[in-house]
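Asker: Sharing model_34.txt here; it has compact mmCIF, N, CA and C atoms.
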```
# COMPACT_ATOMS: atom_id res chain seq x y z
N MET Y 954 0.83 -1.18 0.00
CA MET Y 954 0.00 0.00 0.00
C MET Y 954 0.88 1.24 0.00
N GLY Y 955 0.38 2.31 -0.61
CA GLY Y 955 1.10 3.57 -0.64
C GLY Y 955 0.98 4.33 0.66
N THR Y 956 1.89 5.24 0.85
CA THR Y 956 1.89 6.07 2.04
C THR Y 956 0.99 7.27 1.82
N ASN Y 957 0.22 7.63 2.81
CA ASN Y 957 -0.66 8.78 2.72
C ASN Y 957 0.12 10.04 3.10
N HIS Y 958 0.25 10.98 2.17
CA HIS Y 958 1.01 12.21 2.40
C HIS Y 958 0.11 13.39 2.72
N SER Y 959 -1.13 13.13 3.04
CA SER Y 959 -2.07 14.21 3.35
C SER Y 959 -1.71 14.88 4.66
N THR Y 960 -1.86 16.21 4.71
CA THR Y 960 -1.63 16.96 5.95
C THR Y 960 -2.95 17.40 6.56
N TYR Y 961 -4.05 16.80 6.10
CA TYR Y 961 -5.36 17.19 6.61
C TYR Y 961 -5.41 16.96 8.11
N GLY Y 962 -5.74 18.01 8.84
CA GLY Y 962 -5.83 17.91 10.30
C GLY Y 962 -4.50 18.13 11.01
N ASN Y 963 -3.41 18.16 10.27
CA ASN Y 963 -2.09 18.39 10.87
C ASN Y 963 -1.51 19.68 10.33
N LYS Y 964 -0.89 20.46 11.21
CA LYS Y 964 -0.24 21.69 10.77
C LYS Y 964 1.10 21.34 10.13
N PRO Y 965 1.35 21.85 8.91
CA PRO Y 965 2.64 21.58 8.26
C PRO Y 965 3.80 22.13 9.10
N ASN Y 966 4.99 21.56 8.90
CA ASN Y 966 6.16 21.95 9.69
C ASN Y 966 6.91 23.13 9.11
N THR Y 967 6.85 23.33 7.81
CA THR Y 967 7.59 24.42 7.18
C THR Y 967 6.68 25.18 6.22
N ALA Y 968 7.03 26.43 6.02
CA ALA Y 968 6.29 27.28 5.08
C ALA Y 968 6.56 26.80 3.65
N PRO Y 969 5.57 26.97 2.77
CA PRO Y 969 5.79 26.59 1.36
C PRO Y 969 6.81 27.52 0.70
N LEU Y 970 7.37 27.06 -0.40
CA LEU Y 970 8.42 27.80 -1.10
C LEU Y 970 7.98 29.22 -1.46
N GLY Y 971 6.76 29.38 -1.94
CA GLY Y 971 6.29 30.72 -2.32
C GLY Y 971 6.29 31.68 -1.14
N ILE Y 972 5.90 31.20 0.03
CA ILE Y 972 5.91 32.03 1.24
C ILE Y 972 7.35 32.38 1.60
N LYS Y 973 8.24 31.41 1.48
CA LYS Y 973 9.66 31.67 1.80
C LYS Y 973 10.24 32.73 0.87
N ILE Y 974 9.88 32.66 -0.41
CA ILE Y 974 10.36 33.67 -1.36
C ILE Y 974 9.82 35.04 -0.99
N LEU Y 975 8.52 35.13 -0.66
CA LEU Y 975 7.93 36.41 -0.23
C LEU Y 975 8.62 36.93 1.02
N CYS Y 976 8.93 36.04 1.96
CA CYS Y 976 9.61 36.45 3.19
C CYS Y 976 11.00 36.99 2.88
N PHE Y 977 11.72 36.29 2.02
CA PHE Y 977 13.06 36.72 1.64
C PHE Y 977 13.02 38.12 1.02
N LEU Y 978 12.10 38.33 0.10
CA LEU Y 978 11.96 39.64 -0.53
C LEU Y 978 11.54 40.71 0.48
N SER Y 979 10.67 40.33 1.42
CA SER Y 979 10.24 41.27 2.46
C SER Y 979 11.40 41.67 3.36
N VAL Y 980 12.29 40.73 3.64
CA VAL Y 980 13.46 41.06 4.48
C VAL Y 980 14.37 42.04 3.74
N ILE Y 981 14.58 41.82 2.45
CA ILE Y 981 15.41 42.74 1.67
C ILE Y 981 14.80 44.14 1.70
N VAL Y 982 13.50 44.23 1.41
CA VAL Y 982 12.82 45.53 1.41
C VAL Y 982 12.84 46.13 2.81
N GLY Y 983 12.64 45.31 3.84
CA GLY Y 983 12.65 45.80 5.22
C GLY Y 983 13.99 46.39 5.61
N VAL Y 984 15.07 45.71 5.26
CA VAL Y 984 16.41 46.21 5.58
C VAL Y 984 16.70 47.50 4.82
N LEU Y 985 16.35 47.53 3.54
CA LEU Y 985 16.55 48.76 2.76
C LEU Y 985 15.70 49.91 3.32
N SER Y 986 14.49 49.60 3.77
CA SER Y 986 13.64 50.62 4.38
C SER Y 986 14.23 51.13 5.69
N LEU Y 987 14.81 50.22 6.46
CA LEU Y 987 15.47 50.66 7.70
C LEU Y 987 16.60 51.64 7.40
N ILE Y 988 17.41 51.31 6.41
CA ILE Y 988 18.51 52.19 6.02
C ILE Y 988 17.98 53.54 5.54
N GLY Y 989 16.96 53.50 4.69
CA GLY Y 989 16.35 54.74 4.20
C GLY Y 989 15.71 55.54 5.32
N GLY Y 990 15.07 54.85 6.26
CA GLY Y 990 14.46 55.52 7.40
C GLY Y 990 15.49 56.21 8.28
N LEU Y 991 16.62 55.52 8.48
CA LEU Y 991 17.69 56.14 9.28
C LEU Y 991 18.23 57.38 8.58
N GLY Y 992 18.39 57.30 7.26
CA GLY Y 992 18.86 58.46 6.51
C GLY Y 992 17.88 59.62 6.59
N THR Y 993 16.61 59.32 6.49
CA THR Y 993 15.57 60.35 6.59
C THR Y 993 15.52 60.92 8.00
N LEU Y 994 15.68 60.06 8.98
CA LEU Y 994 15.67 60.47 10.38
C LEU Y 994 16.75 61.51 10.65
N LEU Y 995 17.90 61.33 10.04
CA LEU Y 995 19.04 62.22 10.29
C LEU Y 995 18.91 63.59 9.63
N THR Y 996 17.91 63.76 8.75
CA THR Y 996 17.74 65.06 8.11
C THR Y 996 17.14 66.08 9.06
N GLY Y 997 16.55 65.60 10.16
CA GLY Y 997 15.98 66.51 11.16
C GLY Y 997 14.64 67.07 10.75
N GLY Y 998 14.06 67.84 11.64
CA GLY Y 998 12.76 68.47 11.38
C GLY Y 998 11.68 67.46 11.08
N PHE Y 999 10.91 67.72 10.02
CA PHE Y 999 9.84 66.83 9.60
C PHE Y 999 10.39 65.48 9.16
N GLY Y 1000 11.61 65.48 8.62
CA GLY Y 1000 12.26 64.24 8.21
C GLY Y 1000 12.46 63.29 9.37
N PHE Y 1001 12.64 63.83 10.56
CA PHE Y 1001 12.79 63.00 11.75
C PHE Y 1001 11.53 62.17 11.99
N ILE Y 1002 10.37 62.82 11.88
CA ILE Y 1002 9.09 62.14 12.09
C ILE Y 1002 8.85 61.10 10.99
N VAL Y 1003 9.09 61.49 9.75
CA VAL Y 1003 8.92 60.57 8.63
C VAL Y 1003 9.88 59.39 8.77
N GLY Y 1004 11.10 59.66 9.16
CA GLY Y 1004 12.09 58.61 9.36
C GLY Y 1004 11.66 57.61 10.43
N LEU Y 1005 11.10 58.13 11.54
CA LEU Y 1005 10.60 57.24 12.59
C LEU Y 1005 9.49 56.34 12.08
N ILE Y 1006 8.58 56.92 11.30
CA ILE Y 1006 7.48 56.13 10.74
C ILE Y 1006 8.02 55.04 9.82
N ILE Y 1007 8.96 55.39 8.96
CA ILE Y 1007 9.55 54.42 8.04
C ILE Y 1007 10.24 53.29 8.82
N ILE Y 1008 10.96 53.64 9.86
CA ILE Y 1008 11.66 52.65 10.67
C ILE Y 1008 10.68 51.71 11.36
N VAL Y 1009 9.62 52.26 11.94
CA VAL Y 1009 8.61 51.42 12.61
C VAL Y 1009 7.96 50.47 11.60
N LEU Y 1010 7.60 50.98 10.42
CA LEU Y 1010 6.99 50.12 9.40
C LEU Y 1010 7.97 49.05 8.92
N ALA Y 1011 9.25 49.41 8.77
CA ALA Y 1011 10.26 48.44 8.33
C ALA Y 1011 10.44 47.33 9.37
N ILE Y 1012 10.47 47.70 10.64
CA ILE Y 1012 10.58 46.70 11.70
C ILE Y 1012 9.35 45.79 11.69
N GLY Y 1013 8.18 46.39 11.50
CA GLY Y 1013 6.96 45.61 11.39
C GLY Y 1013 7.02 44.62 10.24
N GLN Y 1014 7.54 45.07 9.12
CA GLN Y 1014 7.65 44.20 7.95
C GLN Y 1014 8.60 43.04 8.24
N LEU Y 1015 9.69 43.30 8.93
CA LEU Y 1015 10.63 42.24 9.28
C LEU Y 1015 10.01 41.24 10.25
N VAL Y 1016 9.24 41.73 11.21
CA VAL Y 1016 8.58 40.86 12.17
C VAL Y 1016 7.54 39.97 11.47
N VAL Y 1017 6.77 40.56 10.57
CA VAL Y 1017 5.76 39.79 9.84
C VAL Y 1017 6.44 38.75 8.94
N ALA Y 1018 7.54 39.09 8.30
CA ALA Y 1018 8.26 38.12 7.47
C ALA Y 1018 8.71 36.93 8.32
N TRP Y 1019 9.23 37.21 9.50
CA TRP Y 1019 9.64 36.14 10.41
C TRP Y 1019 8.42 35.30 10.80
N GLY Y 1020 7.31 35.96 11.11
CA GLY Y 1020 6.10 35.25 11.50
C GLY Y 1020 5.57 34.35 10.40
N LEU Y 1021 5.60 34.83 9.15
CA LEU Y 1021 5.16 33.99 8.03
C LEU Y 1021 6.10 32.80 7.84
N TRP Y 1022 7.38 33.05 7.95
CA TRP Y 1022 8.39 31.98 7.78
C TRP Y 1022 8.20 30.89 8.84
N THR Y 1023 7.89 31.31 10.07
CA THR Y 1023 7.77 30.36 11.18
C THR Y 1023 6.32 29.91 11.42
N LEU Y 1024 5.44 30.20 10.47
CA LEU Y 1024 4.05 29.73 10.49
C LEU Y 1024 3.24 30.23 11.68
N GLN Y 1025 3.40 31.48 12.05
CA GLN Y 1025 2.63 32.09 13.13
C GLN Y 1025 1.28 32.55 12.59
N SER Y 1026 0.20 32.17 13.27
CA SER Y 1026 -1.14 32.52 12.77
C SER Y 1026 -1.36 34.03 12.73
N TRP Y 1027 -0.81 34.76 13.68
CA TRP Y 1027 -0.97 36.21 13.71
C TRP Y 1027 -0.33 36.85 12.48
N ALA Y 1028 0.75 36.26 11.97
CA ALA Y 1028 1.43 36.83 10.80
C ALA Y 1028 0.57 36.70 9.56
N TRP Y 1029 -0.14 35.57 9.43
CA TRP Y 1029 -1.03 35.40 8.28
C TRP Y 1029 -2.13 36.45 8.34
N THR Y 1030 -2.74 36.60 9.51
CA THR Y 1030 -3.83 37.57 9.68
C THR Y 1030 -3.34 38.98 9.39
N LEU Y 1031 -2.19 39.35 9.94
CA LEU Y 1031 -1.65 40.70 9.73
C LEU Y 1031 -1.30 40.93 8.26
N THR Y 1032 -0.80 39.92 7.59
CA THR Y 1032 -0.47 40.05 6.18
C THR Y 1032 -1.73 40.28 5.35
N ILE Y 1033 -2.80 39.54 5.65
CA ILE Y 1033 -4.07 39.74 4.95
C ILE Y 1033 -4.56 41.18 5.15
N ILE Y 1034 -4.45 41.68 6.38
CA ILE Y 1034 -4.90 43.05 6.67
C ILE Y 1034 -4.05 44.07 5.92
N VAL Y 1035 -2.73 43.91 5.99
CA VAL Y 1035 -1.82 44.88 5.36
C VAL Y 1035 -2.02 44.91 3.84
N TYR Y 1036 -2.08 43.73 3.21
CA TYR Y 1036 -2.27 43.72 1.76
C TYR Y 1036 -3.66 44.19 1.37
N GLY Y 1037 -4.64 43.91 2.21
CA GLY Y 1037 -5.98 44.44 1.97
C GLY Y 1037 -5.99 45.96 1.97
N LEU Y 1038 -5.31 46.56 2.96
CA LEU Y 1038 -5.21 48.02 3.03
C LEU Y 1038 -4.41 48.57 1.85
N ARG Y 1039 -3.38 47.84 1.47
CA ARG Y 1039 -2.57 48.28 0.33
C ARG Y 1039 -3.42 48.32 -0.94
N ILE Y 1040 -4.26 47.32 -1.12
CA ILE Y 1040 -5.14 47.27 -2.29
C ILE Y 1040 -6.13 48.42 -2.27
N VAL Y 1041 -6.67 48.74 -1.10
CA VAL Y 1041 -7.57 49.89 -0.97
C VAL Y 1041 -6.84 51.17 -1.37
N GLY Y 1042 -5.60 51.31 -0.90
CA GLY Y 1042 -4.79 52.48 -1.27
C GLY Y 1042 -4.53 52.55 -2.76
N ASP Y 1043 -4.24 51.41 -3.37
CA ASP Y 1043 -4.02 51.38 -4.81
C ASP Y 1043 -5.29 51.77 -5.58
N LEU Y 1044 -6.43 51.28 -5.10
CA LEU Y 1044 -7.70 51.66 -5.74
C LEU Y 1044 -7.95 53.15 -5.63
N PHE Y 1045 -7.62 53.73 -4.48
CA PHE Y 1045 -7.77 55.17 -4.31
C PHE Y 1045 -6.86 55.92 -5.28
N GLN Y 1046 -5.62 55.44 -5.43
CA GLN Y 1046 -4.70 56.08 -6.37
C GLN Y 1046 -5.25 56.02 -7.80
N LEU Y 1047 -5.85 54.90 -8.15
CA LEU Y 1047 -6.46 54.79 -9.48
C LEU Y 1047 -7.60 55.79 -9.64
N LEU Y 1048 -8.42 55.95 -8.60
CA LEU Y 1048 -9.54 56.88 -8.66
C LEU Y 1048 -9.11 58.33 -8.85
N VAL Y 1049 -7.93 58.67 -8.34
CA VAL Y 1049 -7.45 60.04 -8.50
C VAL Y 1049 -6.59 60.21 -9.75
N GLY Y 1050 -6.54 59.14 -10.57
CA GLY Y 1050 -5.88 59.28 -11.86
C GLY Y 1050 -4.46 58.77 -11.95
N ASP Y 1051 -3.95 58.12 -10.91
CA ASP Y 1051 -2.59 57.58 -10.95
C ASP Y 1051 -2.64 56.15 -11.49
N PHE Y 1052 -2.50 56.02 -12.81
CA PHE Y 1052 -2.65 54.72 -13.45
C PHE Y 1052 -1.43 53.83 -13.27
N SER Y 1053 -0.33 54.39 -12.72
CA SER Y 1053 0.82 53.53 -12.41
C SER Y 1053 0.50 52.59 -11.24
N ALA Y 1054 -0.56 52.87 -10.51
CA ALA Y 1054 -0.96 52.02 -9.39
C ALA Y 1054 -1.54 50.69 -9.86
N ILE Y 1055 -1.80 50.56 -11.15
CA ILE Y 1055 -2.34 49.30 -11.68
C ILE Y 1055 -1.39 48.15 -11.41
N ILE Y 1056 -0.10 48.37 -11.62
CA ILE Y 1056 0.89 47.32 -11.41
C ILE Y 1056 0.91 46.92 -9.94
N SER Y 1057 0.95 47.90 -9.06
CA SER Y 1057 0.94 47.62 -7.62
C SER Y 1057 -0.34 46.90 -7.21
N LEU Y 1058 -1.45 47.30 -7.79
CA LEU Y 1058 -2.73 46.66 -7.49
C LEU Y 1058 -2.73 45.19 -7.91
N VAL Y 1059 -2.27 44.91 -9.12
CA VAL Y 1059 -2.24 43.53 -9.61
C VAL Y 1059 -1.30 42.68 -8.77
N VAL Y 1060 -0.11 43.19 -8.46
CA VAL Y 1060 0.84 42.45 -7.64
C VAL Y 1060 0.25 42.20 -6.25
N GLY Y 1061 -0.35 43.23 -5.67
CA GLY Y 1061 -0.97 43.09 -4.35
C GLY Y 1061 -2.08 42.06 -4.34
N LEU Y 1062 -2.92 42.06 -5.38
CA LEU Y 1062 -4.01 41.07 -5.47
C LEU Y 1062 -3.46 39.65 -5.61
N LEU Y 1063 -2.41 39.49 -6.42
CA LEU Y 1063 -1.82 38.17 -6.59
C LEU Y 1063 -1.20 37.66 -5.28
N ILE Y 1064 -0.50 38.54 -4.59
CA ILE Y 1064 0.11 38.15 -3.31
C ILE Y 1064 -0.97 37.84 -2.29
N LEU Y 1065 -1.99 38.67 -2.22
CA LEU Y 1065 -3.09 38.43 -1.29
C LEU Y 1065 -3.78 37.10 -1.58
N ALA Y 1066 -4.04 36.81 -2.83
CA ALA Y 1066 -4.67 35.54 -3.20
C ALA Y 1066 -3.78 34.36 -2.83
N TYR Y 1067 -2.48 34.50 -3.06
CA TYR Y 1067 -1.55 33.41 -2.73
C TYR Y 1067 -1.49 33.18 -1.22
N ILE Y 1068 -1.33 34.26 -0.46
CA ILE Y 1068 -1.27 34.14 1.00
C ILE Y 1068 -2.57 33.54 1.52
N TYR Y 1069 -3.69 33.99 0.99
CA TYR Y 1069 -4.98 33.47 1.42
C TYR Y 1069 -5.09 31.97 1.14
N SER Y 1070 -4.55 31.53 0.01
CA SER Y 1070 -4.62 30.11 -0.35
C SER Y 1070 -3.78 29.24 0.58
N LYS Y 1071 -2.90 29.83 1.34
CA LYS Y 1071 -2.02 29.08 2.24
C LYS Y 1071 -2.50 29.13 3.70
N ARG Y 1072 -3.76 29.44 3.89
CA ARG Y 1072 -4.33 29.59 5.24
C ARG Y 1072 -4.10 28.36 6.12
N ASP Y 1073 -4.17 27.18 5.53
CA ASP Y 1073 -4.01 25.95 6.32
C ASP Y 1073 -2.64 25.86 7.02
N TYR Y 1074 -1.65 26.54 6.49
CA TYR Y 1074 -0.33 26.54 7.12
C TYR Y 1074 -0.30 27.37 8.40
N TYR Y 1075 -1.28 28.24 8.58
CA TYR Y 1075 -1.25 29.22 9.68
C TYR Y 1075 -2.38 29.04 10.68
N LYS Y 1076 -2.96 27.86 10.76
CA LYS Y 1076 -4.05 27.61 11.72
C LYS Y 1076 -3.48 27.19 13.06
```
Would it be possible to restate this file's structure as C-alpha cells?

Answerer:
Amino acid sequence: MGTNHSTYGNKPNTAPLGIKILCFLSVIVGVLSLIGGLGTLLTGGFGFIVGLIIIVLAIGQLVVAWGLWTLQSWAWTLTIIVYGLRIVGDLFQLLVGDFSAIISLVVGLLILAYIYSKRDYYK
C-alpha cells in the first residue's frame, strides 16, 4: 500500500516555497527601508518624524516576514490586513488618476490571493 502524504488535520512543519520567497523579498525591502528611514531620520525636522514612521513600518515588515516563515497565525492575519489596506490604497490612487498604481494593485491582489490560499499553514 502507498503512504498517505495528506496533511489534513495536521499543521505543516515548514512554510511553502512561495511564502519563503515572499519572506526573503520582504526582508530585503525591510532592511533597505530601515537604512532609508535612518537616513531620513538624520535630516531633522519633519524628516525625523517621517524617518521614525519608516523605521517602525520596516521593523513591522521584518517581524511579519519572520512570522510567516515560522508559520505564526498572527502573521497570516496581519499580512491579509496589510495587503488588503494596500489594495484599498491602490484603488484610491487609481480613482485620483494615478494609473501607475495598476501594477501595484495587480501584484498586491496576486500576493493576497496566494497568502490566502495558504491559510491551512497558519491555523

Asker: Would you mind reading off the distance between CA of Ile1055 (chain Y) and CA of Ile1012 (chain Y), one decimal, in Å?

Answerer: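 One can read the CA of Ile1055 (chain Y) to CA of Ile1012 (chain Y) distance as 26.8 Å.
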
Asker: Just list as a PyMOL selection string whatever in region 965-1041 of chain Y DSSP marks as alpha helix (DSSP H).

Answerer: chain Y and resi 970-994+999-1022+1026-1041

Asker: Which of these, Y:Leu1058, Y:Val1035, Y:Leu1048, Y:Val984, has the shortest distance to Leu1015 (chain Y) once you count all atoms listed in the file?

Answerer: Y:Val984

Asker: Quick one: residues within 8 Å of Ser979 (chain Y), only N, CA and C atoms counted, chain neighbours fewer than 5 positions away excluded, as a ChimeraX atom specification?

Answerer: /Y:973-974,984-985,1014-1015,1017-1019

Asker: Interatomic distance between atom N of Phe977 (chain Y) and CA of Val1003 (chain Y)?

Answerer: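 Atom-to-atom, atom N of Phe977 (chain Y) to CA of Val1003 (chain Y), that is 25.3 Å.
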
Asker: Which is closest to Gly1037 (chain Y) among Y:Leu1024, Y:Leu1065, Y:Phe1001, Y:Gly1050, if we use only N, CA and C atoms?

Answerer: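 Among the listed residues, Y:Leu1065 lies closest to Gly1037 (chain Y).
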
Asker: Report the distance between atom N of Ala1028 (chain Y) and atom N of Tyr1069 (chain Y) in Å, rounded to one decimal place.

Answerer: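 Atom-to-atom, atom N of Ala1028 (chain Y) to atom N of Tyr1069 (chain Y), that is 12.1 Å.
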
Asker: Set the distance at 7 Å and use all atoms listed in the file: which residues neighbour Trp1022 (chain Y) once local chain neighbours fewer than 6 positions away are removed? I'd like the list as a PyMOL selection string.

Answerer: chain Y and resi 967-968+972-973+976

Asker: Given the choices Y:Pro969, Y:Leu1038, Y:Val980, Y:Val1009, which gets closest to Tyr1074 (chain Y) if the distance is worked out from all atoms listed in the file?

Answerer: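 Result for the nearest residue to Tyr1074 (chain Y): Y:Pro969.
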
Asker: Would you compute the box with edges along x, y and z of the file around region 1012-1028 of chain Y, including every atom the file lists for it and 5 Å extra on each side, and give its centre and edge lengths in Å to one decimal, as AutoDock Vina command-line options?

Answerer:
```
--center_x 4.6 --center_y 38.7 --center_z 10.6 --size_x 22.0 --size_y 28.0 --size_z 16.2
```

Asker: Taking into account only N, CA and C atoms, which residue in the set Y:Gly1013, Y:Ile988, Y:Asn966, Y:Trp1029 is nearest to Lys1071 (chain Y)?

Answerer: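 Going through Y:Gly1013, Y:Ile988, Y:Asn966, Y:Trp1029 one by one, the smallest distance to Lys1071 (chain Y) is for Y:Trp1029.
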
Asker: I need the residue nearest Asp1073 (chain Y) from this list: Y:Val982, Y:Ile1008, Y:Gln1025, Y:Gly992. Use only C-alpha atoms for the distance.

Answerer: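 Nearest candidate to Asp1073 (chain Y) out of Y:Val982, Y:Ile1008, Y:Gln1025, Y:Gly992: Y:Gln1025.
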